file start39.txt (compact mmCIF, C-alpha atoms)
# COMPACT_ATOMS: atom_id res chain seq x y z
CA MET N 5 18.58 30.91 -1.34
CA ASP N 6 18.40 28.83 -4.52
CA THR N 7 15.95 26.04 -5.23
CA ILE N 8 18.44 23.23 -4.71
CA ASN N 9 19.32 24.40 -1.22
CA MET N 10 15.64 24.78 -0.40
CA ASP N 11 14.93 21.22 -1.51
CA TYR N 12 17.91 20.03 0.52
CA LEU N 13 16.75 21.88 3.62
CA LYS N 14 13.28 20.48 3.21
CA ILE N 15 14.42 16.87 3.02
CA VAL N 16 16.88 17.28 5.92
CA LEU N 17 14.12 18.82 8.01
CA SER N 18 11.79 15.96 7.04
CA TYR N 19 14.25 13.38 8.33
CA LYS N 20 14.86 15.34 11.54
CA GLU N 21 11.11 15.41 12.18
CA CYS N 22 10.86 11.73 11.30
CA ALA N 23 13.65 10.79 13.72
CA GLU N 24 11.93 12.72 16.51
CA ILE N 25 8.55 11.16 15.83
CA THR N 26 9.79 7.60 15.54
CA GLN N 27 11.47 7.90 18.94
CA HIS N 28 7.93 7.69 20.30
CA PHE N 29 7.06 4.57 18.29
CA ASP N 30 6.94 1.66 20.71
CA PHE N 31 6.13 -0.68 17.82
CA PRO N 32 8.17 -1.87 14.83
CA TYR N 33 8.58 0.45 11.88
CA ALA N 34 10.92 1.01 8.95
CA ALA N 35 11.66 3.95 6.67
CA ILE N 36 11.22 2.62 3.14
CA LYS N 37 11.75 4.01 -0.35
CA GLY N 38 13.21 7.56 -0.34
CA GLU N 39 16.69 8.10 1.03
CA ALA N 40 16.81 4.75 2.85
CA LEU N 41 16.49 3.02 -0.51
CA SER N 42 18.91 5.46 -2.13
CA LEU N 43 21.53 4.60 0.47
CA MET N 44 21.00 0.88 0.09
CA ALA N 45 20.69 0.68 -3.69
CA TYR N 46 23.13 3.37 -4.79
CA GLY N 47 25.42 3.73 -1.78
CA GLU N 48 24.52 7.33 -1.02
CA VAL N 49 21.55 9.58 -0.30
CA GLY N 50 20.14 11.95 -2.89
CA LYS N 51 20.25 9.49 -5.78
CA ARG N 52 16.49 9.15 -5.94
CA ASN N 53 13.90 11.81 -6.48
CA SER N 54 12.03 11.89 -3.18
CA SER N 55 10.36 14.70 -1.34
CA ASP N 56 8.51 12.85 1.41
CA ILE N 57 9.18 10.10 3.90
CA ASP N 58 7.54 6.70 3.77
CA LEU N 59 7.22 4.70 6.96
CA LEU N 60 6.06 1.09 7.02
CA ILE N 61 4.21 -0.08 10.14
CA PRO N 62 2.01 -3.07 11.04
CA PRO N 63 -1.65 -2.17 10.31
CA LYS N 64 -2.72 -2.68 13.92
CA TYR N 65 -0.62 0.35 14.90
CA ILE N 66 -2.19 2.77 12.39
CA GLY N 67 -4.23 4.40 15.16
CA VAL N 68 -1.33 4.69 17.63
CA ALA N 69 0.93 6.13 14.94
CA LYS N 70 -1.79 8.62 14.02
CA LYS N 71 -1.95 9.89 17.61
CA ILE N 72 1.84 10.33 17.72
CA LEU N 73 1.90 12.11 14.37
CA ASN N 74 -0.97 14.38 15.42
CA ALA N 75 0.81 15.19 18.70
CA ASN N 76 3.81 16.28 16.63
CA GLY N 77 1.85 18.54 14.32
CA PHE N 78 1.21 16.14 11.42
CA TYR N 79 -2.35 15.81 10.14
CA TYR N 80 -3.99 14.35 7.08
CA ILE N 81 -6.75 16.20 5.31
CA VAL N 82 -9.71 14.39 3.76
CA LYS N 83 -12.91 15.93 2.49
CA ASN N 84 -15.22 13.46 4.19
CA SER N 85 -15.56 10.07 5.82
CA TYR N 86 -16.06 8.35 2.45
CA ASP N 87 -12.72 9.59 1.14
CA LYS N 88 -10.95 8.55 4.34
CA VAL N 89 -12.33 5.01 4.21
CA LEU N 90 -11.47 4.80 0.53
CA ALA N 91 -7.92 6.05 1.03
CA ILE N 92 -7.13 3.61 3.83
CA SER N 93 -9.02 0.54 2.64
CA MET N 94 -8.15 0.73 -1.05
CA SER N 95 -4.51 1.69 -0.87
CA HIS N 96 -1.43 0.54 1.00
CA GLN N 97 -1.25 3.68 3.13
CA SER N 98 -3.15 6.25 5.15
CA PRO N 99 -3.79 9.65 3.58
CA THR N 100 -0.55 11.67 3.51
CA TYR N 101 0.29 13.39 6.79
CA VAL N 102 1.37 17.02 6.40
CA LYS N 103 3.07 19.46 8.74
CA LYS N 104 3.56 23.14 8.07
CA THR N 105 6.98 24.34 9.21
CA LYS N 106 8.72 27.72 8.90
CA ILE N 107 10.58 26.47 5.84
CA SER N 108 7.91 24.50 3.99
CA TYR N 109 5.32 21.78 4.22
CA ILE N 110 6.74 18.36 5.00
CA TYR N 111 5.07 15.06 4.30
CA ILE N 112 5.00 11.59 5.83
CA ASP N 113 3.28 8.60 4.26
CA LEU N 114 2.24 5.89 6.68
CA ASN N 115 2.29 2.58 4.79
CA HIS N 116 0.66 -0.45 6.32
CA ASN N 117 0.92 -2.87 3.47
CA SER N 118 3.10 -3.68 0.47
CA CYS N 119 0.29 -4.19 -2.00
CA GLY N 120 -3.24 -3.27 -0.94
CA GLY N 121 -6.08 -2.18 -3.20
CA GLU N 122 -7.66 -4.96 -5.25
CA TYR N 123 -4.69 -7.30 -4.66
CA THR N 124 -5.99 -10.62 -3.35
CA GLY N 125 -2.72 -12.55 -3.27
CA LYS N 126 -1.02 -13.66 -0.10
CA GLN N 127 -0.33 -10.84 2.34
CA ILE N 128 2.85 -10.64 4.35
CA ASP N 129 2.47 -10.32 8.12
CA MET N 130 3.91 -6.86 8.73
CA SER N 131 4.82 -7.50 12.37
CA ASP N 132 6.96 -10.42 11.26
CA PHE N 133 8.30 -8.50 8.27
CA LEU N 134 9.42 -5.66 10.53
CA SER N 135 10.96 -7.91 13.18
CA ASN N 136 14.59 -7.39 12.16
CA THR N 137 14.94 -3.79 11.07
CA ILE N 138 18.38 -2.22 10.91
CA ASP N 139 19.64 1.19 12.06
CA ILE N 140 20.88 3.68 9.49
CA GLU N 141 21.83 7.34 9.57
CA ILE N 142 20.38 9.79 7.07
CA TYR N 143 21.39 13.45 7.19
CA GLY N 144 22.65 12.81 10.71
CA CYS N 145 19.32 11.34 11.83
CA LYS N 146 19.14 7.81 13.16
CA ILE N 147 16.20 5.84 11.84
CA LYS N 148 15.29 2.24 11.22
CA THR N 149 14.91 0.61 7.84
CA LEU N 150 14.50 -2.87 6.39
CA PRO N 151 17.44 -5.20 5.75
CA PRO N 152 18.28 -5.40 2.00
CA ILE N 153 16.34 -8.60 1.26
CA LYS N 154 13.15 -7.21 2.80
CA MET N 155 13.71 -3.81 1.22
CA LEU N 156 13.80 -5.61 -2.13
CA ILE N 157 10.65 -7.63 -1.43
CA GLN N 158 8.76 -4.55 -0.29
CA LEU N 159 9.93 -2.65 -3.35
CA ILE N 160 9.01 -5.42 -5.76
CA LEU N 161 5.53 -5.93 -4.30
CA HIS N 162 4.96 -2.19 -4.43
CA HIS N 163 6.05 -2.12 -8.08
CA TYR N 164 3.91 -5.13 -8.87
CA LYS N 165 0.90 -3.21 -7.59
CA ASP N 166 1.85 -0.07 -9.51
CA MET N 167 2.26 -2.07 -12.71
CA ASN N 168 -1.07 -3.88 -12.33
CA SER N 169 -3.58 -1.74 -10.47
CA ILE N 170 -6.16 -0.57 -12.98
CA SER N 171 -6.91 2.51 -10.89
CA LEU N 172 -3.23 3.48 -10.75
CA LEU N 173 -2.54 2.71 -14.40
CA ALA N 174 -5.42 4.94 -15.41
CA THR N 175 -4.59 7.72 -12.97
CA ARG N 176 -0.86 8.37 -13.24
CA LYS N 177 2.29 7.21 -14.98
CA SER N 178 2.84 4.19 -12.79
CA ILE N 179 5.44 2.36 -14.92
CA LYS N 180 8.72 4.30 -14.91
CA GLN N 181 12.34 3.47 -15.70
CA SER N 182 13.44 4.51 -12.19
CA MET N 183 11.38 1.69 -10.66
CA PHE N 184 13.45 -0.90 -12.48
CA ASP N 185 16.72 0.94 -11.82
CA ASP N 186 15.98 0.74 -8.09
CA VAL N 187 15.36 -3.01 -8.19
CA TYR N 188 18.42 -3.69 -10.33
CA TYR N 189 20.87 -1.67 -8.26
CA LEU N 190 19.43 -2.86 -4.98
CA ILE N 191 20.21 -6.43 -6.04
CA LYS N 192 23.56 -5.67 -7.69
CA ASN N 193 24.91 -3.69 -4.77
CA ASN N 194 23.70 -6.12 -2.11
CA LEU N 195 24.45 -9.51 -3.65
CA LYS N 196 25.82 -10.87 -0.39
CA ASP N 197 22.68 -10.00 1.59
CA ILE N 198 20.32 -10.81 -1.26
CA SER N 199 21.73 -14.16 -2.25
CA LEU N 200 19.55 -16.03 -4.73
CA ASP N 201 19.08 -18.89 -2.29
CA ARG N 202 17.88 -16.71 0.62
CA PHE N 203 15.77 -14.51 -1.59
CA TYR N 204 14.03 -17.43 -3.26
CA HIS N 205 13.34 -19.34 -0.06
CA TYR N 206 11.98 -16.28 1.71
CA SER N 207 9.72 -15.52 -1.28
CA LYS N 208 8.53 -19.09 -1.55
CA ALA N 209 7.72 -19.27 2.16
CA HIS N 210 5.53 -16.17 1.74
CA GLY N 211 3.80 -17.32 -1.45
CA ILE N 212 5.02 -14.40 -3.55
CA VAL N 213 7.29 -16.10 -6.12
CA PRO N 214 5.07 -15.25 -9.16
CA TYR N 215 4.95 -11.55 -8.25
CA ILE N 216 8.72 -11.40 -7.71
CA TYR N 217 9.20 -13.10 -11.08
CA TYR N 218 6.85 -10.62 -12.74
CA VAL N 219 8.93 -7.62 -11.69
CA LEU N 220 12.35 -9.28 -12.14
CA TYR N 221 11.35 -10.31 -15.66
CA HIS N 222 10.71 -6.68 -16.58
CA VAL N 223 13.95 -5.55 -14.93
CA GLY N 224 15.65 -8.17 -17.13
CA ILE N 225 14.23 -6.57 -20.27
CA LEU N 226 15.98 -3.32 -19.38
CA PHE N 227 19.21 -4.71 -17.90
CA GLN N 228 21.08 -7.47 -19.72
CA ASP N 229 22.96 -9.07 -16.86
CA GLU N 230 23.94 -12.71 -16.33
CA GLN N 231 23.57 -12.60 -12.55
CA LEU N 232 20.14 -11.07 -12.88
CA ASN N 233 19.19 -13.76 -15.41
CA GLU N 234 20.00 -16.41 -12.81
CA TYR N 235 17.50 -14.79 -10.45
CA ILE N 236 14.88 -14.54 -13.18
CA SER N 237 15.30 -18.21 -14.14
CA ALA N 238 15.05 -19.36 -10.53
CA PHE N 239 11.81 -17.46 -9.97
CA ARG N 240 10.14 -18.54 -13.23
CA THR N 241 6.89 -20.46 -12.65
CA THR N 242 3.78 -21.13 -14.71
CA ASP N 243 1.80 -18.70 -12.54
CA GLY N 244 4.45 -16.05 -13.01
CA GLU N 245 4.47 -16.54 -16.77
CA ARG N 246 0.70 -16.20 -16.82
CA LEU N 247 0.91 -12.86 -15.02
CA LEU N 248 3.25 -11.40 -17.65
CA LYS N 249 0.55 -11.18 -20.30
CA CYS N 250 -1.95 -9.35 -18.15
CA TYR N 251 -2.68 -6.45 -15.86
CA GLY N 252 -5.09 -6.28 -12.94
CA LEU N 253 -4.56 -7.27 -9.33
CA ASN N 254 -6.90 -10.24 -9.14
CA ASP N 255 -8.44 -12.81 -11.45
CA GLY N 256 -11.74 -10.93 -11.57
CA GLU N 257 -10.26 -7.76 -13.03
CA ARG N 258 -7.31 -9.21 -14.98
CA ARG N 259 -7.13 -8.22 -18.67
CA GLU N 260 -4.66 -9.10 -21.38
CA TRP N 261 -2.22 -6.38 -22.52
CA LYS N 262 -2.60 -5.27 -26.10
CA CYS N 263 0.85 -3.68 -26.29
CA ASP N 264 4.38 -4.66 -25.26
CA PHE N 265 6.28 -3.59 -22.16
CA ILE N 266 8.45 -0.97 -23.87
CA THR N 267 5.34 0.72 -25.29
CA ARG N 268 3.90 0.80 -21.78
CA LEU N 269 7.13 2.15 -20.34
CA ARG N 270 7.24 4.99 -22.86
CA ALA N 271 3.54 5.77 -22.79
CA GLU N 272 2.64 9.22 -21.53
CA ASN N 273 -1.07 8.56 -21.38
CA PHE N 274 -1.69 5.15 -19.93
CA TYR N 275 -5.43 5.59 -19.86
CA ASP N 276 -5.49 5.36 -23.66
CA LEU N 277 -3.80 1.95 -23.50
CA ILE N 278 -6.45 0.39 -21.28
CA LYS N 279 -9.61 2.45 -21.77
CA ASP N 280 -11.24 -0.02 -24.20
CA ASP N 281 -11.04 -2.80 -21.60
CA LEU N 282 -12.58 -0.92 -18.71
CA THR N 283 -15.91 -1.91 -17.20
CA GLU N 284 -18.34 0.56 -15.63
CA LYS N 285 -17.12 -0.60 -12.21
CA ASN N 286 -13.49 0.04 -13.21
CA ILE N 287 -14.37 3.53 -14.39
CA GLU N 288 -16.20 4.26 -11.14
CA LYS N 289 -13.14 3.21 -9.12
CA ILE N 290 -10.81 5.24 -11.32
CA LYS N 291 -12.95 8.35 -10.81
CA MET N 292 -12.94 7.79 -7.05
CA ASN N 293 -9.17 7.33 -7.00
CA ARG N 294 -8.60 10.46 -9.03
CA ARG N 295 -10.82 12.46 -6.69
CA VAL N 296 -9.26 11.19 -3.47
CA PHE N 297 -5.60 10.80 -4.43
CA LEU N 298 -5.23 13.51 -7.05
CA GLY N 299 -7.96 15.89 -5.97
CA GLY N 300 -9.43 15.72 -9.47
CA MET F 5 -27.75 -0.86 22.06
CA GLY F 6 -27.96 -4.64 22.59
CA SER F 7 -25.94 -7.18 20.63
CA ASN F 8 -28.97 -8.42 18.67
CA GLU F 9 -29.86 -4.91 17.64
CA ILE F 10 -26.27 -4.20 16.54
CA ARG F 11 -26.25 -7.40 14.51
CA GLU F 12 -29.52 -6.41 12.86
CA LYS F 13 -28.27 -2.90 12.06
CA VAL F 14 -25.06 -4.22 10.52
CA LEU F 15 -26.92 -6.86 8.53
CA ASP F 16 -29.46 -4.32 7.28
CA THR F 17 -26.65 -2.02 6.17
CA ILE F 18 -24.92 -4.84 4.31
CA LYS F 19 -28.20 -5.82 2.63
CA ALA F 20 -28.89 -2.24 1.62
CA ASN F 21 -25.57 -2.12 -0.23
CA ILE F 22 -25.22 -5.59 -1.71
CA GLU F 23 -28.05 -6.78 -3.90
CA GLU F 24 -29.74 -10.06 -3.00
CA ILE F 25 -27.24 -10.98 -0.30
CA GLU F 26 -28.30 -13.56 2.27
CA ILE F 27 -26.08 -14.38 5.23
CA SER F 28 -27.14 -17.13 7.58
CA ALA F 29 -25.86 -17.35 11.14
CA GLU F 30 -23.47 -20.09 10.02
CA GLN F 31 -22.03 -17.76 7.39
CA SER F 32 -21.21 -14.96 9.81
CA ASP F 33 -17.48 -15.65 9.63
CA GLU F 34 -17.38 -16.06 5.86
CA ASP F 35 -15.51 -13.55 3.74
CA LEU F 36 -18.05 -11.04 2.44
CA LEU F 37 -16.05 -10.74 -0.78
CA GLN F 38 -17.43 -14.19 -1.57
CA HIS F 39 -20.96 -12.88 -1.04
CA GLY F 40 -20.77 -10.06 -3.56
CA MET F 41 -19.02 -7.32 -1.61
CA ASP F 42 -16.24 -5.44 -3.41
CA SER F 43 -14.03 -2.53 -2.43
CA ILE F 44 -16.68 0.05 -3.35
CA THR F 45 -19.52 -1.62 -1.46
CA PHE F 46 -17.16 -2.10 1.49
CA ILE F 47 -16.61 1.66 1.64
CA GLN F 48 -20.35 2.31 1.27
CA ILE F 49 -21.17 -0.09 4.11
CA VAL F 50 -18.56 1.37 6.46
CA VAL F 51 -19.66 4.96 5.78
CA ALA F 52 -23.34 4.02 6.17
CA LEU F 53 -22.59 2.38 9.53
CA GLU F 54 -20.71 5.48 10.71
CA ASN F 55 -23.55 7.76 9.64
CA THR F 56 -26.54 5.80 10.90
CA LEU F 57 -24.96 4.83 14.22
CA GLU F 58 -23.11 8.14 14.65
CA ILE F 59 -19.84 6.42 15.35
CA GLU F 60 -16.29 6.86 14.10
CA ILE F 61 -14.53 3.67 13.16
CA PRO F 62 -10.81 3.91 14.00
CA ASP F 63 -8.39 4.11 11.05
CA GLU F 64 -6.75 0.79 11.89
CA LYS F 65 -10.11 -0.96 11.46
CA LEU F 66 -10.87 0.49 8.02
CA LEU F 67 -9.35 -2.53 6.32
CA LEU F 68 -10.90 -5.57 4.69
CA GLU F 69 -8.85 -7.79 7.00
CA GLU F 70 -10.51 -6.10 9.98
CA MET F 71 -14.08 -5.84 8.70
CA GLY F 72 -14.30 -8.46 5.98
CA THR F 73 -16.94 -10.70 7.61
CA LEU F 74 -20.28 -10.03 9.28
CA ASN F 75 -18.91 -10.95 12.71
CA LYS F 76 -15.84 -8.78 12.27
CA MET F 77 -18.05 -5.84 11.30
CA ILE F 78 -20.25 -6.41 14.34
CA ASN F 79 -17.19 -6.50 16.62
CA VAL F 80 -15.77 -3.28 15.21
CA VAL F 81 -19.13 -1.50 15.41
CA THR F 82 -19.70 -2.73 18.98
CA ALA F 83 -16.27 -1.42 20.03
CA ALA F 84 -16.95 1.93 18.33
CA LEU F 85 -20.32 2.23 20.09
CA ASN F 86 -18.69 1.43 23.44
CA ALA F 87 -15.99 4.00 22.78
CA LYS F 88 -18.69 6.58 22.01
CA GLU F 89 -20.46 5.88 25.27
CA THR F 90 -17.30 6.34 27.33
CA ILE F 91 -16.54 9.77 25.85
call {"tool": "encode", "arguments": {"input": "start39.txt", "output": "structure tokens"}}
result
Amino acid sequence: MDTINMDYLKIVLSYKECAEITQHFDFPYAAIKGEALSLMAYGEVGKRNSSDIDLLIPPKYIGVAKKILNANGFYYIVKNSYDKVLAISMSHQSPTYVKKTKISYIYIDLNHNSCGGEYTGKQIDMSDFLSNTIDIEIYGCKIKTLPPIKMLIQLILHHYKDMNSISLLATRKSIKQSMFDDVYYLIKNNLKDISLDRFYHYSKAHGIVPYIYYVLYHVGILFQDEQLNEYISAFRTTDGERLLKCYGLNDGERREWKCDFITRLRAENFYDLIKDDLTEKNIEKIKMNRRVFLGG
Amino acid sequence: MGSNEIREKVLDTIKANIEEIEISAEQSDEDLLQHGMDSITFIQIVVALENTLEIEIPDEKLLLEEMGTLNKMINVVTAALNAKETI
């Protein structure tokens, strides 16, 4: 059995497990990122590099979901109580749930938030956000996902966090070309569902226009496209412009970039780009993140 | 454990982790982030509460939205203590 078939089997098995588990969810949920996004942005599964499944749920159901996952053989492993509290309170998801099967380990990430961490901007009510999920079929498994406009908003807020979280920037390569590809093709291939008017009004109602602008602006650097430019222009605000120059998820930790976006995109070692700006507190958080999320 | 004692324990734990913090009764519903708490001290407070009171705070409560004020912390701790007693 070659590697490709093994990877295929693993992802198919993951979705079968996911479909079985989510049958027991008596609360709203949506499969996000992964194959659900691949299907929506590129028209077919397998176009994105994904090896786990991400589920988005309202935070109040974290405990119920945990019981269901545990009952189905999925557990998360943390070294101690400190690491568990850190993982849940400082990120947008619980520690990764793992199940050992005959074929391989399979993984489910339980997301409860689109941003999390040090982000202090307006939060979206997840129960409301998940109120109109849609049914899709992936590898023959029926699961729920977000409608295109919400998939885009979730994706953009997630990218905004990745592009600005000091802990993430210092820990892994959190600005990648594929992030911007996903946003671009999700918009381009769903223009009817993600009309500028609907997208803008939804974003404005949730107080997230500057963050949407931030990510769209960077997509616009990589994709010269008139339709995209219309979106970028509509979302431009003074607050959004202000965000472009900086990184950090809140005013207290925000620092000005000393290099341009393309340099950041191509950088292999992000830590070098920001290390001179870090405070002792930043460094402490980075160390904690590395230990808990990377085991280092 | 009575409600006054729980309040005192929670307040003591907060004070032990945030330098020079003072929270009056009127400030019990104020966001602790405005009183000097940050993500690290939040984790330290939660872990200290779990250890000293021998409780386990449910995953869904380990969020700033759920434990971001003195009163919210007291409510979560009270529920965890009640859950411990019923086991």
call {"tool": "closest_residue", "arguments": {"input": "start39.txt", "among": "F:Thr73, F:Ser43, F:Thr56, F:Asn8", "to": "chain N", "atoms": "only C-alpha atoms"}}
result
F:Ser43
call {"tool": "residues_around", "arguments": {"input": "start39.txt", "residues": "Leu67 in chain F", "least_positions_apart": "6", "cutoff": "12 Å", "atoms": "only C-alpha atoms", "output": "number ranges by chain"}}
result
N: 63-64, 66, 88-98, 116-117, 120-122; F: 43, 46-47, 50, 61, 73, 76-77, 80
call {"tool": "write_last_selection", "arguments": {"input": "start39.txt", "atoms": "C-alpha atoms", "output": "JSON list (two decimals), keeping the file's coordinate frame"}}
result
[["chain", "number", "residue", "atom", "x", "y", "z"],
["N", 63, "PRO", "CA", -1.65, -2.17, 10.31],
["N", 64, "LYS", "CA", -2.72, -2.68, 13.92],
["N", 66, "ILE", "CA", -2.19, 2.77, 12.39],
["N", 88, "LYS", "CA", -10.95, 8.55, 4.34],
["N", 89, "VAL", "CA", -12.33, 5.01, 4.21],
["N", 90, "LEU", "CA", -11.47, 4.80, 0.53],
["N", 91, "ALA", "CA", -7.92, 6.05, 1.03],
["N", 92, "ILE", "CA", -7.13, 3.61, 3.83],
["N", 93, "SER", "CA", -9.02, 0.54, 2.64],
["N", 94, "MET", "CA", -8.15, 0.73, -1.05],
["N", 95, "SER", "CA", -4.51, 1.69, -0.87],
["N", 96, "HIS", "CA", -1.43, 0.54, 1.00],
["N", 97, "GLN", "CA", -1.25, 3.68, 3.13],
["N", 98, "SER", "CA", -3.15, 6.25, 5.15],
["N", 116, "HIS", "CA", 0.66, -0.45, 6.32],
["N", 117, "ASN", "CA", 0.92, -2.87, 3.47],
["N", 120, "GLY", "CA", -3.24, -3.27, -0.94],
["N", 121, "GLY", "CA", -6.08, -2.18, -3.20],
["N", 122, "GLU", "CA", -7.66, -4.96, -5.25],
["F", 43, "SER", "CA", -14.03, -2.53, -2.43],
["F", 46, "PHE", "CA", -17.16, -2.10, 1.49],
["F", 47, "ILE", "CA", -16.61, 1.66, 1.64],
["F", 50, "VAL", "CA", -18.56, 1.37, 6.46],
["F", 61, "ILE", "CA", -14.53, 3.67, 13.16],
["F", 73, "THR", "CA", -16.94, -10.70, 7.61],
["F", 76, "LYS", "CA", -15.84, -8.78, 12.27],
["F", 77, "MET", "CA", -18.05, -5.84, 11.30],
["F", 80, "VAL", "CA", -15.77, -3.28, 15.21]]
call {"tool": "atom_distance", "arguments": {"input": "start39.txt", "atom1": "CA of Ser54 in chain N", "atom2": "CA of Tyr80 in chain N"}}
result
19.2 Å
call {"tool": "residues_near_point", "arguments": {"input": "start39.txt", "point": "(7.6, -0.7, 15.9)", "cutoff": "12 Å", "atoms": "all atoms listed in the file", "output": "PDB file with C-alpha atoms, in the coordinates of the input"}}
result
ATOM      1  CA  ILE N  25       8.550  11.160  15.830  1.00  0.00           C
ATOM      2  CA  THR N  26       9.790   7.600  15.540  1.00  0.00           C
ATOM      3  CA  GLN N  27      11.470   7.900  18.940  1.00  0.00           C
ATOM      4  CA  HIS N  28       7.930   7.690  20.300  1.00  0.00           C
ATOM      5  CA  PHE N  29       7.060   4.570  18.290  1.00  0.00           C
ATOM      6  CA  ASP N  30       6.940   1.660  20.710  1.00  0.00           C
ATOM      7  CA  PHE N  31       6.130  -0.680  17.820  1.00  0.00           C
ATOM      8  CA  PRO N  32       8.170  -1.870  14.830  1.00  0.00           C
ATOM      9  CA  TYR N  33       8.580   0.450  11.880  1.00  0.00           C
ATOM     10  CA  ALA N  34      10.920   1.010   8.950  1.00  0.00           C
ATOM     11  CA  ALA N  35      11.660   3.950   6.670  1.00  0.00           C
ATOM     12  CA  LEU N  59       7.220   4.700   6.960  1.00  0.00           C
ATOM     13  CA  LEU N  60       6.060   1.090   7.020  1.00  0.00           C
ATOM     14  CA  ILE N  61       4.210  -0.080  10.140  1.00  0.00           C
ATOM     15  CA  PRO N  62       2.010  -3.070  11.040  1.00  0.00           C
ATOM     16  CA  PRO N  63      -1.650  -2.170  10.310  1.00  0.00           C
ATOM     17  CA  LYS N  64      -2.720  -2.680  13.920  1.00  0.00           C
ATOM     18  CA  TYR N  65      -0.620   0.350  14.900  1.00  0.00           C
ATOM     19  CA  ILE N  66      -2.190   2.770  12.390  1.00  0.00           C
ATOM     20  CA  VAL N  68      -1.330   4.690  17.630  1.00  0.00           C
ATOM     21  CA  ALA N  69       0.930   6.130  14.940  1.00  0.00           C
ATOM     22  CA  HIS N 116       0.660  -0.450   6.320  1.00  0.00           C
ATOM     23  CA  MET N 130       3.910  -6.860   8.730  1.00  0.00           C
ATOM     24  CA  SER N 131       4.820  -7.500  12.370  1.00  0.00           C
ATOM     25  CA  ASP N 132       6.960 -10.420  11.260  1.00  0.00           C
ATOM     26  CA  PHE N 133       8.300  -8.500   8.270  1.00  0.00           C
ATOM     27  CA  LEU N 134       9.420  -5.660  10.530  1.00  0.00           C
ATOM     28  CA  SER N 135      10.960  -7.910  13.180  1.00  0.00           C
ATOM     29  CA  ASN N 136      14.590  -7.390  12.160  1.00  0.00           C
ATOM     30  CA  THR N 137      14.940  -3.790  11.070  1.00  0.00           C
ATOM     31  CA  ILE N 138      18.380  -2.220  10.910  1.00  0.00           C
ATOM     32  CA  ILE N 147      16.200   5.840  11.840  1.00  0.00           C
ATOM     33  CA  LYS N 148      15.290   2.240  11.220  1.00  0.00           C
ATOM     34  CA  THR N 149      14.910   0.610   7.840  1.00  0.00           C
ATOM     35  CA  LEU N 150      14.500  -2.870   6.390  1.00  0.00           C
TER      36      LEU N 150
END
call {"tool": "interface_residues", "arguments": {"input": "start39.txt", "of": "chain F", "to": "chain N", "cutoff": "12 Å", "atoms": "only C-alpha atoms", "output": "VMD selection string"}}
result
chain F and resid 37 to 38 42 to 55 58 to 72
call {"tool": "atom_distance", "arguments": {"input": "start39.txt", "atom1": "CA of Ser169 in chain N", "atom2": "CA of Tyr79 in chain N"}}
result
27.1 Å
call {"tool": "atom_distance", "arguments": {"input": "start39.txt", "atom1": "CA of Gly244 in chain N", "atom2": "CA of Ile216 in chain N"}}
result
8.2 Å
call {"tool": "residues_around", "arguments": {"input": "start39.txt", "residues": "range 153-160 of chain N", "least_positions_apart": "2", "cutoff": "8 Å", "atoms": "all atoms listed in the file", "output": "PyMOL selection string"}}
result
chain N and resi 36-37+41+118+133+150-151+162-164+187+190-191+197-198+203+207+215-216+219
call {"tool": "closest_residue", "arguments": {"input": "start39.txt", "among": "N:Asp56, N:Glu141, N:Asp185, N:Glu257", "to": "Thr283 in chain N", "atoms": "all atoms listed in the file"}}
result
N:Glu257
call {"tool": "closest_residue", "arguments": {"input": "start39.txt", "among": "F:Arg11, F:Gly6, F:Gly40, F:Glu89", "to": "Glu23 in chain F", "atoms": "only C-alpha atoms"}}
result
F:Gly40
call {"tool": "closest_residue", "arguments": {"input": "start39.txt", "among": "N:Glu48, N:Leu253, N:Glu284, N:Lys20", "to": "Leu173 in chain N", "atoms": "only C-alpha atoms"}}
result
N:Leu253
